[in-house]
file my_file_35.csv (CSV, C-alpha atoms and all ligand atoms)
chain,number,residue,atom,x,y,z
A,1499,MET,CA,-42.2,29.6,35.2
A,1500,THR,CA,-40.0,27.7,37.6
A,1501,VAL,CA,-39.7,24.0,36.9
A,1502,ALA,CA,-39.6,21.6,39.8
A,1503,SER,CA,-36.6,19.3,40.1
A,1504,ILE,CA,-37.3,15.5,40.0
A,1505,ALA,CA,-36.0,15.7,43.6
A,1506,SER,CA,-39.4,17.2,44.5
A,1507,PHE,CA,-41.3,14.2,43.1
A,1508,ARG,CA,-41.3,12.4,46.4
A,1509,ARG,CA,-42.8,15.5,48.2
A,1510,GLN,CA,-45.5,15.8,45.4
A,1511,VAL,CA,-46.6,12.2,46.0
A,1512,ARG,CA,-46.4,12.6,49.8
A,1513,THR,CA,-48.8,15.5,49.5
A,1514,ILE,CA,-51.3,13.3,47.6
A,1515,LEU,CA,-50.9,10.5,50.2
A,1516,GLU,CA,-51.6,12.8,53.1
A,1517,LYS,CA,-54.6,14.6,51.5
A,1518,GLN,CA,-56.5,11.7,50.0
A,1519,GLN,CA,-59.9,11.1,51.6
A,1520,PRO,CA,-61.1,8.4,51.4
A,1521,ARG,CA,-57.7,6.7,50.7
A,1522,ARG,CA,-57.5,4.9,47.4
A,1523,HIS,CA,-54.6,3.0,45.9
A,1524,VAL,CA,-51.8,5.1,44.4
A,1525,ILE,CA,-50.3,3.6,41.2
A,1526,VAL,CA,-47.0,5.0,40.1
A,1527,LEU,CA,-45.4,4.0,36.8
A,1528,GLY,CA,-41.7,4.7,36.4
A,1529,VAL,CA,-41.1,4.8,32.7
A,1530,ASP,CA,-37.4,5.1,31.8
A,1531,GLY,CA,-36.3,7.5,29.1
A,1532,ILE,CA,-39.5,9.6,28.3
A,1533,PRO,CA,-38.9,13.3,27.6
A,1534,TYR,CA,-41.5,16.0,28.6
A,1535,ASP,CA,-42.7,16.8,25.0
A,1536,LEU,CA,-43.4,13.1,24.2
A,1537,ALA,CA,-45.3,12.7,27.5
A,1538,CYS,CA,-47.4,15.7,26.6
A,1539,ARG,CA,-48.2,14.2,23.2
A,1540,THR,CA,-49.0,10.7,24.3
A,1541,TRP,CA,-50.5,11.0,27.8
A,1542,ARG,CA,-53.3,13.2,26.6
A,1543,ARG,CA,-55.8,12.6,29.3
A,1544,ALA,CA,-53.3,13.2,32.1
A,1545,ARG,CA,-52.3,16.5,33.7
A,1546,VAL,CA,-48.6,16.6,32.7
A,1547,THR,CA,-46.2,18.9,34.5
A,1548,ARG,CA,-42.6,19.5,33.6
A,1549,ALA,CA,-39.7,18.3,35.9
A,1550,ARG,CA,-36.0,18.9,35.6
A,1551,SER,CA,-33.7,15.9,35.8
A,1552,VAL,CA,-30.3,15.8,37.5
A,1553,PHE,CA,-26.7,15.8,36.3
A,1554,PRO,CA,-25.6,13.4,35.0
A,1555,THR,CA,-28.9,12.3,33.3
A,1556,THR,CA,-28.1,8.7,34.1
A,1557,SER,CA,-30.8,6.3,35.1
A,1558,ALA,CA,-29.3,5.1,38.4
A,1559,THR,CA,-28.6,8.6,39.4
A,1560,ALA,CA,-32.0,10.1,38.5
A,1561,TRP,CA,-34.2,7.3,39.9
A,1562,LEU,CA,-32.5,7.4,43.2
A,1563,THR,CA,-33.0,11.2,43.4
A,1564,SER,CA,-36.6,10.9,42.3
A,1565,LEU,CA,-37.6,8.3,44.8
A,1566,SER,CA,-35.5,9.6,47.8
A,1567,GLY,CA,-35.7,13.3,47.2
A,1568,GLU,CA,-31.9,13.5,47.8
A,1569,SER,CA,-29.5,15.4,45.6
A,1570,VAL,CA,-26.8,13.6,43.6
A,1571,ASP,CA,-24.2,15.0,45.9
A,1572,ALA,CA,-26.0,13.5,48.9
A,1573,HIS,CA,-26.9,10.0,47.6
A,1574,GLY,CA,-23.5,9.7,45.9
A,1575,ILE,CA,-24.5,7.7,42.8
A,1576,PRO,CA,-23.0,9.8,40.1
A,1577,GLY,CA,-23.4,7.4,37.2
A,1578,VAL,CA,-22.8,3.8,36.1
A,1579,VAL,CA,-19.0,3.3,36.3
A,1580,PHE,CA,-17.2,5.1,39.2
A,1581,ALA,CA,-14.6,4.7,41.9
A,1582,LEU,CA,-15.9,4.3,45.5
A,1583,ASP,CA,-13.2,6.8,46.5
A,1584,GLU,CA,-11.1,8.6,43.9
A,1585,ALA,CA,-8.4,9.7,46.4
A,1586,ALA,CA,-7.9,6.2,47.7
A,1587,GLY,CA,-7.4,4.8,44.2
A,1588,ALA,CA,-10.3,2.4,44.8
A,1589,PRO,CA,-11.2,0.1,41.9
A,1590,LEU,CA,-14.0,1.1,39.4
A,1591,ILE,CA,-17.4,-0.5,40.0
A,1592,ASP,CA,-20.3,-0.9,37.7
A,1593,VAL,CA,-23.3,0.2,39.8
A,1594,TYR,CA,-25.7,-2.3,38.0
A,1595,SER,CA,-23.6,-5.3,39.1
A,1596,TYR,CA,-21.8,-4.2,42.2
A,1597,ARG,CA,-23.1,-5.9,45.4
A,1598,GLY,CA,-20.7,-4.5,48.0
A,1599,PRO,CA,-21.3,-1.6,50.3
A,1600,LEU,CA,-22.2,1.8,48.8
A,1601,GLY,CA,-22.5,3.7,52.1
A,1602,ASP,CA,-25.8,4.4,53.9
A,1603,PRO,CA,-28.9,4.4,51.7
A,1604,PRO,CA,-31.1,7.5,51.7
A,1605,PRO,CA,-32.8,7.6,55.1
A,1606,GLU,CA,-36.3,8.1,53.7
A,1607,ASP,CA,-38.0,7.6,50.4
A,1608,LEU,CA,-41.3,7.3,48.6
A,1609,PHE,CA,-41.9,3.9,50.2
A,1610,SER,CA,-41.2,5.0,53.8
A,1611,ASP,CA,-43.6,8.0,53.2
A,1612,ALA,CA,-46.3,5.6,52.0
A,1613,ALA,CA,-45.9,3.4,55.1
A,1614,ALA,CA,-45.9,6.5,57.3
A,1615,CYS,CA,-49.2,7.6,55.7
A,1616,GLY,CA,-50.9,4.2,56.1
A,1617,TYR,CA,-50.3,2.7,52.7
A,1618,THR,CA,-48.6,-0.6,52.0
A,1619,PRO,CA,-45.5,0.2,49.9
A,1620,VAL,CA,-45.1,-2.2,47.0
A,1621,ALA,CA,-42.6,-2.2,44.1
A,1622,ILE,CA,-43.0,-4.2,40.9
A,1623,VAL,CA,-39.3,-4.8,40.2
A,1624,GLY,CA,-40.2,-5.1,36.5
A,1625,ASP,CA,-37.3,-4.5,34.2
A,1626,LEU,CA,-34.8,-4.4,37.1
A,1627,GLU,CA,-35.6,-8.1,37.7
A,1628,ASP,CA,-32.2,-9.3,36.5
A,1629,THR,CA,-30.3,-6.3,38.0
A,1630,HIS,CA,-29.0,-7.7,41.3
A,1631,CYS,CA,-27.0,-5.0,43.0
A,1632,THR,CA,-26.7,-2.7,46.0
A,1633,TRP,CA,-28.1,0.3,44.1
A,1634,ARG,CA,-31.3,-1.6,43.4
A,1635,ASP,CA,-31.5,-2.5,47.1
A,1636,HIS,CA,-31.1,1.2,48.0
A,1637,LEU,CA,-33.8,2.1,45.6
A,1638,LEU,CA,-36.4,-0.5,46.6
A,1639,GLN,CA,-35.5,-1.9,50.0
A,1640,ARG,CA,-38.4,-0.2,51.8
A,1641,ALA,CA,-41.0,-1.7,49.5
A,1642,HIS,CA,-42.5,-5.2,49.3
A,1643,ALA,CA,-40.9,-6.4,46.1
A,1644,ILE,CA,-43.0,-8.2,43.5
A,1645,PRO,CA,-40.8,-10.2,41.1
A,1646,GLY,CA,-42.0,-12.1,38.0
A,1647,HIS,CA,-43.2,-9.2,35.7
A,1648,THR,CA,-40.7,-8.0,33.1
A,1649,PHE,CA,-41.5,-5.7,30.2
A,1650,TYR,CA,-38.6,-4.6,28.0
A,1651,ALA,CA,-35.9,-6.5,29.9
A,1652,ARG,CA,-36.3,-9.7,28.0
A,1653,GLY,CA,-36.6,-8.5,24.5
A,1654,ALA,CA,-38.8,-5.9,22.7
A,1655,LEU,CA,-42.4,-6.8,22.7
A,1656,ASP,CA,-45.6,-5.8,21.0
A,1657,PRO,CA,-47.2,-2.7,22.7
A,1658,ASP,CA,-50.4,-4.6,23.3
A,1659,VAL,CA,-48.6,-7.4,25.0
A,1660,LEU,CA,-46.6,-4.9,27.1
A,1661,GLY,CA,-49.8,-3.1,28.1
A,1662,ASP,CA,-51.4,-6.4,29.1
A,1663,ARG,CA,-48.3,-7.2,31.2
A,1664,ILE,CA,-48.5,-3.9,33.0
A,1665,VAL,CA,-52.1,-4.4,33.8
A,1666,ALA,CA,-51.4,-8.0,35.1
A,1667,ALA,CA,-48.5,-6.8,37.2
A,1668,VAL,CA,-50.4,-4.1,39.0
A,1669,ALA,CA,-53.4,-6.4,39.5
A,1670,HIS,CA,-51.0,-8.9,41.1
A,1671,ALA,CA,-49.5,-6.3,43.3
A,1672,LEU,CA,-52.9,-5.0,44.5
A,1673,ALA,CA,-54.4,-8.5,45.0
A,1674,SER,CA,-51.4,-9.7,47.1
A,1675,HIS,CA,-51.3,-6.9,49.6
A,1676,GLU,CA,-53.6,-5.3,52.1
A,1677,GLY,CA,-54.8,-1.9,50.9
A,1678,PRO,CA,-54.6,0.9,50.4
A,1679,CYS,CA,-51.3,0.4,48.5
A,1680,LEU,CA,-48.7,2.6,46.9
A,1681,VAL,CA,-47.5,0.5,43.9
A,1682,TRP,CA,-44.4,1.7,42.0
A,1683,CYS,CA,-43.7,-0.2,38.7
A,1684,PHE,CA,-40.5,0.0,36.7
A,1685,ILE,CA,-40.8,-0.1,32.9
A,1686,ASP,CA,-37.4,0.3,31.2
A,1687,ALA,CA,-38.4,1.8,27.8
A,1688,ASP,CA,-34.8,3.2,27.7
A,1689,ARG,CA,-33.6,-0.3,26.5
A,1690,HIS,CA,-35.8,0.1,23.4
A,1691,ILE,CA,-35.1,3.8,22.8
A,1692,HIS,CA,-31.3,3.2,22.8
A,1693,HIS,CA,-31.6,1.1,19.6
A,1694,HIS,CA,-34.8,2.4,17.9
A,1695,GLY,CA,-35.4,5.9,19.2
A,1696,TYR,CA,-38.9,7.2,19.8
A,1697,ASP,CA,-40.5,5.0,17.2
A,1698,ARG,CA,-44.1,4.0,16.5
A,1699,GLN,CA,-43.9,1.0,18.8
A,1700,LEU,CA,-42.8,3.1,21.7
A,1701,VAL,CA,-45.4,5.8,21.0
A,1702,ASP,CA,-48.1,3.1,20.8
A,1703,LEU,CA,-47.1,1.8,24.2
A,1704,LEU,CA,-47.3,5.3,25.8
A,1705,GLU,CA,-50.7,5.8,24.3
A,1706,ARG,CA,-51.7,2.4,25.6
A,1707,ILE,CA,-50.5,3.5,29.1
A,1708,ASP,CA,-52.7,6.6,28.7
A,1709,ALA,CA,-55.8,4.4,28.1
A,1710,ILE,CA,-54.9,1.9,31.0
A,1711,ALA,CA,-54.3,4.8,33.4
A,1712,VAL,CA,-57.7,6.3,32.5
A,1713,GLY,CA,-59.3,3.0,33.5
A,1714,TRP,CA,-57.4,2.7,36.7
A,1715,SER,CA,-58.2,6.3,37.6
A,1716,ARG,CA,-61.8,5.4,38.4
A,1717,GLU,CA,-60.5,3.5,41.5
A,1718,ALA,CA,-57.0,4.9,42.1
A,1719,VAL,CA,-54.7,7.8,41.8
A,1720,VAL,CA,-52.5,7.1,38.8
A,1721,ILE,CA,-49.1,8.8,38.2
A,1722,ALA,CA,-46.3,8.3,35.7
A,1723,HIS,CA,-42.8,9.8,35.8
A,1724,SER,CA,-39.5,9.5,34.1
A,1725,ASP,CA,-35.8,10.0,34.7
A,1726,HIS,CA,-34.4,11.6,31.5
A,1727,GLY,CA,-34.9,11.8,27.7
A,1728,LEU,CA,-32.5,10.4,25.1
A,1729,VAL,CA,-30.9,12.2,22.1
A,1730,PRO,CA,-29.3,10.9,18.8
A,1731,THR,CA,-25.7,9.9,19.5
A,1732,ARG,CA,-23.1,8.2,17.4
A,1733,GLN,CA,-19.6,6.9,17.9
A,1734,ASP,CA,-17.1,9.6,16.7
A,1735,PRO,CA,-13.7,8.2,16.0
A,1736,ILE,CA,-12.0,11.5,16.6
A,1737,VAL,CA,-13.5,11.7,20.1
A,1738,ALA,CA,-12.6,8.1,20.8
A,1739,ASP,CA,-9.1,8.6,19.6
A,1740,ALA,CA,-8.6,11.8,21.7
A,1741,ILE,CA,-9.7,10.0,24.9
A,1742,GLU,CA,-7.6,6.9,24.1
A,1743,ARG,CA,-4.5,9.0,23.7
A,1744,VAL,CA,-5.0,10.6,27.1
A,1745,ILE,CA,-5.7,7.3,28.8
A,1746,ALA,CA,-2.6,5.8,27.3
A,1747,ALA,CA,-0.3,8.8,28.0
A,1748,GLU,CA,-1.4,9.3,31.6
A,1749,ALA,CA,-2.2,5.6,32.4
A,1750,CYS,CA,-5.5,6.8,33.8
A,1751,ARG,CA,-9.0,5.3,34.0
A,1752,MET,CA,-12.4,6.4,32.7
A,1753,GLY,CA,-15.8,6.3,34.4
A,1754,GLY,CA,-19.2,7.7,33.8
A,1755,ALA,CA,-21.9,6.5,31.3
A,1756,GLY,CA,-23.4,7.5,28.0
A,1757,ARG,CA,-22.8,11.1,27.1
A,1758,THR,CA,-20.9,12.1,30.3
A,1759,ARG,CA,-17.6,10.4,31.1
A,1760,TRP,CA,-14.7,11.3,33.4
A,1761,LEU,CA,-11.0,10.6,33.7
A,1762,TYR,CA,-9.3,9.9,36.9
A,1763,VAL,CA,-6.3,12.1,36.7
A,1764,GLU,CA,-3.8,13.1,39.4
A,1765,PRO,CA,-4.1,16.8,40.4
A,1766,SER,CA,-0.6,17.4,39.0
A,1767,ALA,CA,-1.6,16.2,35.6
A,1768,GLU,CA,-4.9,18.0,35.3
A,1769,GLN,CA,-3.7,21.0,33.4
A,1770,ARG,CA,-1.7,18.9,30.9
A,1771,VAL,CA,-4.7,16.6,30.3
A,1772,ARG,CA,-7.0,19.5,29.7
A,1773,GLU,CA,-4.6,21.0,27.2
A,1774,ALA,CA,-4.3,17.7,25.4
A,1775,LEU,CA,-8.1,17.2,25.2
A,1776,ALA,CA,-8.6,20.8,24.0
A,1777,ARG,CA,-6.1,20.1,21.2
A,1778,HIS,CA,-7.7,16.9,20.0
A,1779,LEU,CA,-11.4,17.0,20.9
A,1780,PRO,CA,-14.0,18.7,18.6
A,1781,PRO,CA,-15.8,21.8,20.2
A,1782,SER,CA,-18.9,19.7,20.6
A,1783,VAL,CA,-17.4,18.0,23.7
A,1784,ARG,CA,-17.3,20.2,26.8
A,1785,VAL,CA,-14.4,19.6,29.2
A,1786,GLN,CA,-15.0,20.7,32.9
A,1787,HIS,CA,-13.5,20.1,36.3
A,1788,ALA,CA,-15.6,17.8,38.5
A,1789,ASP,CA,-15.5,20.5,41.2
A,1790,GLU,CA,-17.7,22.7,38.9
A,1791,LEU,CA,-20.3,19.9,38.6
A,1792,PHE,CA,-20.4,18.2,42.0
A,1793,ALA,CA,-20.1,19.8,45.4
A,1794,PRO,CA,-16.4,19.5,46.5
A,1795,GLY,CA,-16.0,16.9,49.3
A,1796,SER,CA,-19.5,15.4,48.6
A,1797,ARG,CA,-19.9,11.6,48.3
A,1798,ALA,CA,-20.6,12.0,44.6
A,1799,ARG,CA,-17.5,14.2,44.0
A,1800,ARG,CA,-15.3,11.8,45.8
A,1801,ARG,CA,-16.4,9.1,43.4
A,1802,VAL,CA,-15.9,10.8,40.0
A,1803,GLY,CA,-12.6,11.6,38.1
A,1804,SER,CA,-11.5,15.2,38.1
A,1805,ILE,CA,-11.8,15.8,34.3
A,1806,VAL,CA,-15.3,15.5,33.0
A,1807,LEU,CA,-16.3,15.2,29.3
A,1808,ILE,CA,-19.8,16.2,28.4
A,1809,ALA,CA,-21.3,15.6,24.9
A,1810,GLU,CA,-23.1,18.6,23.5
A,1811,GLY,CA,-23.6,17.3,19.9
A,1812,GLU,CA,-24.3,13.9,18.3
A,1813,GLY,CA,-20.7,12.7,18.0
A,1814,PHE,CA,-19.3,11.2,21.1
A,1815,LEU,CA,-18.8,7.6,22.4
A,1816,ALA,CA,-21.6,5.1,21.7
A,1817,ALA,CA,-22.0,1.5,22.5
A,1818,ASP,CA,-22.5,-0.9,19.5
A,1819,GLY,CA,-26.0,-0.6,18.1
A,1820,TYR,CA,-26.9,2.4,20.2
A,1821,ARG,CA,-28.4,5.3,18.2
A,1822,PHE,CA,-29.8,7.3,21.2
A,1823,GLU,CA,-28.0,8.1,24.4
A,1824,HIS,CA,-28.3,10.2,27.6
A,1825,GLY,CA,-26.1,11.4,30.5
A,1826,SER,CA,-25.5,14.9,29.3
A,1827,LEU,CA,-27.2,18.3,29.6
A,1828,THR,CA,-29.3,18.9,26.5
A,1829,GLU,CA,-32.8,20.1,27.0
A,1830,ARG,CA,-34.4,16.8,25.7
A,1831,GLU,CA,-32.4,14.8,28.3
A,1832,LEU,CA,-33.1,17.2,31.2
A,1833,ASP,CA,-36.8,17.9,30.6
A,1834,VAL,CA,-39.0,15.1,31.9
A,1835,ALA,CA,-42.6,14.8,33.0
A,1836,VAL,CA,-44.8,14.0,35.9
A,1837,ALA,CA,-48.3,12.9,34.7
A,1838,GLU,CA,-51.3,12.4,36.9
A,1839,TRP,CA,-54.6,10.9,35.8
A,1840,ARG,CA,-57.7,11.7,38.0
A,1841,ALA,CA,-61.2,10.6,37.1
B,1901,ZN,ZN,-33.0,6.0,32.3

call {"tool": "encode", "arguments": {"input": "my_file_35.csv", "output": "structure tokens", "more": "lines below"}}
Ligand SMILES: [Zn+2]
result
Amino acid sequence: MTVASIASFRRQVRTILEKQQPRRHVIVLGVDGIPYDLACRTWRRARVTRARSVFPTTSATAWLTSLSGESVDAHGIPGVVFALDEAAGAPLIDVYSYRGPLGDPPPEDLFSDAAACGYTPVAIVGDLEDTHCTWRDHLLQRAHAIPGHTFYARGALDPDVLGDRIVAAVAHALASHEGPCLVWCFIDADRHIHHHGYDRQLVDLLERIDAIAVGWSREAVVIAHSDHGLVPTRQDPIVADAIERVIAAEACRMGGAGRTRWLYVEPSAEQRVREALARHLPPSVRVQHADELFAPGSRARRRVGSIVLIAEGEGFLAADGYRFEHGSLTERELDVAVAEWRA
């Protein structure tokens, strides 16, 4: 069986928008961090199909691909921390706070499709409420934005409270716009999973979403999708030390996020750096050249460092308090779901 890339999500939704007769609202929940197997277990009354995430399995990267249909090479957002142009020695930016130019946004997306098909495009900003940056503009700029509804962003909450908030947010979106609407709503479960994994509270929320979606599906098409899964990850002092040695010896910088990082190394130093890393890193960290992972010359490739480190096991770099991470290429990070509830 071939598995669709999350890049085809936009086309899947467009087909629904074009075919619906009579046209009903289309409600799309973007739930960050949910792997395919968990979606199958908790969204029991939906038709769940498997979708393949992108590399790196970083939220900013995957959501932009999912909503625009563009590859990572094309949209050029390769992770969280990167240089705007490696060759020019540009400063590193953090994509979640950077407000300067990032190049042209994708020319079309889920929201422009909705408008073209006669739906009002609406985005519940949700857990991106406090994330003011150009990347968020690129993601949501073609939608009417609804602020004022956060879920995980301002502290973990009871699943019942979260469910009520999702219902209220979608009701607000539909009541304040002329229909039919396409409403996309961002729920950042990833923030909870980093610290707690796929615990009872998270499973309860997903089951609550299943029940809410069944209720909505009498009047609307209801879809949920995700960007990547997370896997257990811990700080490994040997890995951290090996990377620190290279950074000190070569006076180079590091970018990336989570389980995929890269080093900005001059071409003349690449061989030396690879040998030093091979000497000191455990075999559970894969070292590759960026040209093997991003199309040479593409916008994404120009922004990443040439030596890329990819975690294959649990030990890597981890932020304080994080027990689960993503960004690399394990099956549970790559395998995500598209769920659809129809009455
Ligand atoms: Zn994510």

call {"tool": "residues_around", "arguments": {"input": "my_file_35.csv", "residues": "Ala1711 in chain A", "least_positions_apart": "6", "cutoff": "10 Å", "atoms": "all atoms listed in the file", "output": "mmCIF file with C-alpha atoms, keeping the file's coordinate frame"}}
result
data_model
loop_
_atom_site.group_PDB
_atom_site.id
_atom_site.type_symbol
_atom_site.label_atom_id
_atom_site.label_comp_id
_atom_site.auth_asym_id
_atom_site.auth_seq_id
_atom_site.Cartn_x
_atom_site.Cartn_y
_atom_site.Cartn_z
ATOM 1 C CA ILE A 1525 -50.300 3.600 41.200
ATOM 2 C CA VAL A 1526 -47.000 5.000 40.100
ATOM 3 C CA LEU A 1527 -45.400 4.000 36.800
ATOM 4 C CA TRP A 1541 -50.500 11.000 27.800
ATOM 5 C CA ARG A 1543 -55.800 12.600 29.300
ATOM 6 C CA ALA A 1544 -53.300 13.200 32.100
ATOM 7 C CA VAL A 1665 -52.100 -4.400 33.800
ATOM 8 C CA GLU A 1705 -50.700 5.800 24.300
ATOM 9 C CA ALA A 1718 -57.000 4.900 42.100
ATOM 10 C CA VAL A 1719 -54.700 7.800 41.800
ATOM 11 C CA VAL A 1720 -52.500 7.100 38.800
ATOM 12 C CA ILE A 1721 -49.100 8.800 38.200
ATOM 13 C CA ALA A 1722 -46.300 8.300 35.700
ATOM 14 C CA GLU A 1838 -51.300 12.400 36.900
ATOM 15 C CA TRP A 1839 -54.600 10.900 35.800
ATOM 16 C CA ARG A 1840 -57.700 11.700 38.000
ATOM 17 C CA ALA A 1841 -61.200 10.600 37.100
#

call {"tool": "closest_atom_pairs", "arguments": {"input": "my_file_35.csv", "of": "range 1662-1753 of chain A", "to": "range 1584-1588 of chain A", "cutoff": "12 Å", "atoms": "all atoms listed in the file", "output": "Markdown table"}}
result
| residue | atom | partner | partner_atom | distance |
| --- | --- | --- | --- | --- |
| A:Cys1750 | CA | A:Gly1587 | CA | 10.8 |
| A:Arg1751 | CA | A:Gly1587 | CA | 10.3 |
| A:Met1752 | CA | A:Glu1584 | CA | 11.5 |
| A:Gly1753 | CA | A:Glu1584 | CA | 10.8 |

call {"tool": "residues_near_ligand", "arguments": {"input": "my_file_35.csv", "ligand": "ligand ZN 1901 (chain B)", "cutoff": "6 Å", "atoms": "only C-alpha atoms and all ligand atoms", "output": "ChimeraX atom specification"}}
result
/A:1530-1531,1556-1557,1688,1725-1726

call {"tool": "closest_residue", "arguments": {"input": "my_file_35.csv", "among": "A:Val1668, A:Val1552, A:Ile1808, A:Leu1626", "to": "Ser1503 in chain A", "atoms": "only C-alpha atoms"}}
result
A:Val1552

call {"tool": "residues_around", "arguments": {"input": "my_file_35.csv", "residues": "Ile1622 in chain A", "least_positions_apart": "2", "cutoff": "6 Å", "atoms": "only C-alpha atoms", "output": "PyMOL selection string"}}
result
chain A and resi 1624+1644+1683

call {"tool": "closest_residue", "arguments": {"input": "my_file_35.csv", "among": "A:Gly1754, A:Gly1598, A:Gly1727, A:Gly1795", "to": "Ala1835 in chain A", "atoms": "all atoms listed in the file"}}
result
A:Gly1727

call {"tool": "atom_distance", "arguments": {"input": "my_file_35.csv", "atom1": "CA of Arg1797 in chain A", "atom2": "CA of Leu1827 in chain A"}}
result
21.2 Å

call {"tool": "atom_distance", "arguments": {"input": "my_file_35.csv", "atom1": "CA of Arg1521 in chain A", "atom2": "CA of Gly1646 in chain A"}}
result
27.6 Å

call {"tool": "residues_around", "arguments": {"input": "my_file_35.csv", "residues": "range 1773-1790 of chain A", "least_positions_apart": "5", "cutoff": "6 Å", "atoms": "only C-alpha atoms", "output": "VMD selection string"}}
result
chain A and resid 1737 1740 1804 to 1811

call {"tool": "closest_residue", "arguments": {"input": "my_file_35.csv", "among": "A:Asp1607, A:Arg1732, A:Tyr1534, A:His1824", "to": "Thr1547 in chain A", "atoms": "all atoms listed in the file"}}
result
A:Tyr1534

call {"tool": "atom_distance", "arguments": {"input": "my_file_35.csv", "atom1": "CA of Gln1699 in chain A", "atom2": "CA of Asp1656 in chain A"}}
result
7.3 Å

call {"tool": "residues_around", "arguments": {"input": "my_file_35.csv", "residues": "Lys1517 in chain A", "least_positions_apart": "6", "cutoff": "12 Å", "atoms": "all atoms listed in the file", "output": "ChimeraX atom specification"}}
result
/A:1510-1511,1615-1616,1719

call {"tool": "residues_near_point", "arguments": {"input": "my_file_35.csv", "point": "(-16.5, 7.3, 40.5)", "cutoff": "10 Å", "atoms": "all atoms listed in the file", "output": "PyMOL selection string"}}
result
chain A and resi 1574-1584+1588-1593+1752-1754+1759-1762+1797-1804

call {"tool": "residues_around", "arguments": {"input": "my_file_35.csv", "residues": "Pro1533 in chain A", "least_positions_apart": "4", "cutoff": "8 Å", "atoms": "all atoms listed in the file", "output": "PyMOL selection string"}}
result
chain A and resi 1537+1724+1726-1728+1830-1835

call {"tool": "closest_residue", "arguments": {"input": "my_file_35.csv", "among": "A:Arg1821, A:Pro1678, A:Ala1613, A:Ser1564", "to": "Gln1519 in chain A", "atoms": "all atoms listed in the file"}}
result
A:Pro1678

call {"tool": "residues_near_point", "arguments": {"input": "my_file_35.csv", "point": "(-37.1, -8.2, 27.9)", "cutoff": "12 Å", "atoms": "all atoms listed in the file", "output": "list in words"}}
result
Gly1624, Asp1625, Leu1626, Glu1627, Asp1628, Gly1646, His1647, Thr1648, Phe1649, Tyr1650, Ala1651, Arg1652, Gly1653, Ala1654, Leu1655, Asp1656, Val1659, Leu1660, Arg1663, Ile1685, Asp1686, Ala1687, Asp1688, Arg1689 and His1690 of chain A

call {"tool": "build_atoms", "arguments": {"input": "my_file_35.csv", "residues": "range 1516-1528 of chain A", "atoms": "N, CA and C atoms", "output": "PDB file, keeping the file's coordinate frame"}}
result
ATOM      1  N   GLU A1516     -51.068  12.212  51.817  1.00  0.00           N
ATOM      2  CA  GLU A1516     -51.600  12.800  53.100  1.00  0.00           C
ATOM      3  C   GLU A1516     -52.987  13.357  52.889  1.00  0.00           C
ATOM      4  N   LYS A1517     -53.297  13.851  51.676  1.00  0.00           N
ATOM      5  CA  LYS A1517     -54.600  14.600  51.500  1.00  0.00           C
ATOM      6  C   LYS A1517     -55.744  13.695  51.102  1.00  0.00           C
ATOM      7  N   GLN A1518     -55.447  12.509  50.550  1.00  0.00           N
ATOM      8  CA  GLN A1518     -56.500  11.700  50.000  1.00  0.00           C
ATOM      9  C   GLN A1518     -57.571  11.309  51.029  1.00  0.00           C
ATOM     10  N   GLN A1519     -58.835  11.545  50.728  1.00  0.00           N
ATOM     11  CA  GLN A1519     -59.900  11.100  51.600  1.00  0.00           C
ATOM     12  C   GLN A1519     -61.131  10.804  50.802  1.00  0.00           C
ATOM     13  N   PRO A1520     -61.640   9.594  50.740  1.00  0.00           N
ATOM     14  CA  PRO A1520     -61.100   8.400  51.400  1.00  0.00           C
ATOM     15  C   PRO A1520     -59.802   7.963  50.650  1.00  0.00           C
ATOM     16  N   ARG A1521     -59.016   7.145  51.319  1.00  0.00           N
ATOM     17  CA  ARG A1521     -57.700   6.700  50.700  1.00  0.00           C
ATOM     18  C   ARG A1521     -57.942   5.636  49.693  1.00  0.00           C
ATOM     19  N   ARG A1522     -57.451   5.909  48.490  1.00  0.00           N
ATOM     20  CA  ARG A1522     -57.500   4.900  47.400  1.00  0.00           C
ATOM     21  C   ARG A1522     -56.065   4.487  47.100  1.00  0.00           C
ATOM     22  N   HIS A1523     -55.948   3.425  46.313  1.00  0.00           N
ATOM     23  CA  HIS A1523     -54.600   3.000  45.900  1.00  0.00           C
ATOM     24  C   HIS A1523     -53.935   4.130  45.099  1.00  0.00           C
ATOM     25  N   VAL A1524     -52.614   4.177  45.195  1.00  0.00           N
ATOM     26  CA  VAL A1524     -51.800   5.100  44.400  1.00  0.00           C
ATOM     27  C   VAL A1524     -50.896   4.254  43.510  1.00  0.00           C
ATOM     28  N   ILE A1525     -51.062   4.354  42.193  1.00  0.00           N
ATOM     29  CA  ILE A1525     -50.300   3.600  41.200  1.00  0.00           C
ATOM     30  C   ILE A1525     -49.289   4.491  40.547  1.00  0.00           C
ATOM     31  N   VAL A1526     -48.003   4.179  40.653  1.00  0.00           N
ATOM     32  CA  VAL A1526     -47.000   5.000  40.100  1.00  0.00           C
ATOM     33  C   VAL A1526     -46.171   4.226  39.052  1.00  0.00           C
ATOM     34  N   LEU A1527     -46.186   4.658  37.793  1.00  0.00           N
ATOM     35  CA  LEU A1527     -45.400   4.000  36.800  1.00  0.00           C
ATOM     36  C   LEU A1527     -44.104   4.789  36.552  1.00  0.00           C
ATOM     37  N   GLY A1528     -42.974   4.143  36.760  1.00  0.00           N
ATOM     38  CA  GLY A1528     -41.700   4.700  36.400  1.00  0.00           C
ATOM     39  C   GLY A1528     -41.284   4.288  35.053  1.00  0.00           C
TER      40      GLY A1528
END
